[in-house]
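Have a look at the structure below, then the notes.
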Amino acid sequence: MPEDFVQIVAGLDEEQALARAKELISEGSDPMGILDDCRTAMDIVGQRFESGEYFISELLLAGEILKDVSAEVRPLITQDSAGPKKGKVLVGTVKGDIHDIGKDIVVFMLDINGFEVKDIGVDVPVETFVNEIKEFQPDVVALSGFLTLSYDSMKTTVTAIEEAGLRDGLKVMVGGGTIDQKISDYAQADAFGKDAMAAVSLANDWVGGN
């Protein structure tokens, strides 16, 4: 795939990124290759955020670009080209928190890395998580939260999952904002992911292979 596309996306030129994606599609480029380039670009965006070059506003824009490009590419992807799904991941932002950019990027990255992902949105009540686990039967549940108030919601959600008898064989990851190992332990999660690629790595370790 052309290196310029990666740099355009990582440079956060939304209009040019979408135009280039359409050009690549018209030229017959592999749709999965385009998404792989988006993943590479997102890695660069993450590095620039960590170094202080990019800020939250840039992450929001990166998320919009990923959505735009994905909307163009996904109709072209068949199950055969995408390959068999590695496992199921249920993703949602916990009760009391409405932030979705981090969650959306995690959903995108898990999806293009071969997982069947169900996104149940933001401000998700505990009961909804429990019901969705019963229905979707995921291998992994990813709880997202950006605000400090989400810590208690994460703990309450994990406790409810356990009390419903759904924790056996189910892995729970937490992430977003200032989530770290201490918060992961507090919530009684199996692990935390500092970013979308960490979430993918955890999912791969648990159910998806390498």
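Here, A, B, ... name the chains of the structure tokens in the order displayed, residue numbers run from 1 inside each chain, and ligands are numbered from 1 in the same displayed order.
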Region 61-110 of chain A residues near region 115-139 of chain A within 6 Å, closest pair each, using only C-alpha atoms, as a tab-separated table:
residue	atom	partner	partner_atom	distance
A:Lys85	CA	A:Phe115	CA	5.2
A:Lys86	CA	A:Phe115	CA	5.2
A:Gly87	CA	A:Phe115	CA	5.3
A:Lys88	CA	A:Pro138	CA	4.6
A:Val89	CA	A:Val117	CA	4.9
A:Leu90	CA	A:Lys118	CA	5.0
A:Val91	CA	A:Asp119	CA	4.9
A:Gly92	CA	A:Ile120	CA	5.1
A:Thr93	CA	A:Val122	CA	4.4
A:Val94	CA	A:Val124	CA	5.0
A:Lys95	CA	A:Asp123	CA	4.1
A:Gly96	CA	A:Asp123	CA	5.1
A:Asp97	CA	A:Asp123	CA	5.1
A:Ile98	CA	A:Val122	CA	5.0
A:Leu110	CA	A:Phe115	CA	5.6
Select from chain A everything DSSP, run on the backbone, classes as alpha helix (DSSP H), then give the selection as a PyMOL selection string.
chain A and resi 3-10+14-26+31-50+56-73+79-82+101-112+126-136+150-163+181-187+196-203
Report as CSV: every residue of region 88-143 of chain A with an atom at most 12 Å from region 21-44 of chain A, its closest pair of atoms, and their distance in Å to one decimal, counting only C-alpha atoms, with rows sorted by chain and ascending residue number.
residue,atom,partner,partner_atom,distance
A:Gly102,CA,A:Met42,CA,11.9
A:Ile105,CA,A:Met42,CA,8.9
A:Val106,CA,A:Met42,CA,10.9
A:Phe108,CA,A:Arg39,CA,9.0
A:Met109,CA,A:Arg39,CA,6.9
A:Leu110,CA,A:Arg39,CA,10.3
A:Asp111,CA,A:Leu35,CA,10.0
A:Ile112,CA,A:Leu35,CA,6.7
A:Asn113,CA,A:Asp36,CA,8.7
A:Gly114,CA,A:Met32,CA,10.6
DSSP on the backbone, strand (DSSP E or B) only: what residues of chain A does that give? Format it as JSON, numbers by chain.
{"A": [88, 89, 90, 91, 92, 93, 94, 116, 117, 118, 119, 124, 140, 141, 142, 143, 144, 171, 172, 173, 174, 175, 191, 192, 193]}
Output C-alpha atoms for every residue in that selection, as a JSON list (two decimals), in the first residue's frame.
[["chain", "number", "residue", "atom", "x", "y", "z"],
["A", 88, "LYS", "CA", -16.03, -12.35, 20.44],
["A", 89, "VAL", "CA", -15.49, -9.09, 22.30],
["A", 90, "LEU", "CA", -18.25, -7.06, 23.97],
["A", 91, "VAL", "CA", -17.32, -3.38, 24.38],
["A", 92, "GLY", "CA", -19.07, -0.57, 26.23],
["A", 93, "THR", "CA", -18.46, 2.60, 28.24],
["A", 94, "VAL", "CA", -19.64, 2.08, 31.81],
["A", 116, "GLU", "CA", -16.24, -10.16, 16.20],
["A", 117, "VAL", "CA", -17.04, -7.02, 18.17],
["A", 118, "LYS", "CA", -20.31, -5.83, 19.64],
["A", 119, "ASP", "CA", -20.35, -2.19, 20.74],
["A", 124, "VAL", "CA", -24.22, 1.45, 29.86],
["A", 140, "VAL", "CA", -13.82, -10.92, 26.34],
["A", 141, "VAL", "CA", -15.63, -7.93, 27.85],
["A", 142, "ALA", "CA", -13.95, -4.53, 27.48],
["A", 143, "LEU", "CA", -15.11, -1.85, 29.91],
["A", 144, "SER", "CA", -14.26, 1.71, 28.88],
["A", 171, "LYS", "CA", -11.88, -12.28, 30.43],
["A", 172, "VAL", "CA", -12.48, -8.67, 31.44],
["A", 173, "MET", "CA", -10.28, -5.76, 30.39],
["A", 174, "VAL", "CA", -10.62, -2.12, 31.39],
["A", 175, "GLY", "CA", -9.23, 0.97, 29.75],
["A", 191, "ALA", "CA", -6.02, -6.63, 32.87],
["A", 192, "PHE", "CA", -6.01, -3.05, 31.60],
["A", 193, "GLY", "CA", -5.08, -1.71, 28.21]]
Just the residues within 8 Å of Ile65 (chain A), please, counting only C-alpha atoms, with nothing from its chain fewer than 4 positions along; format it as a ChimeraX atom specification.
/A:9,12,14,17-18,61,69
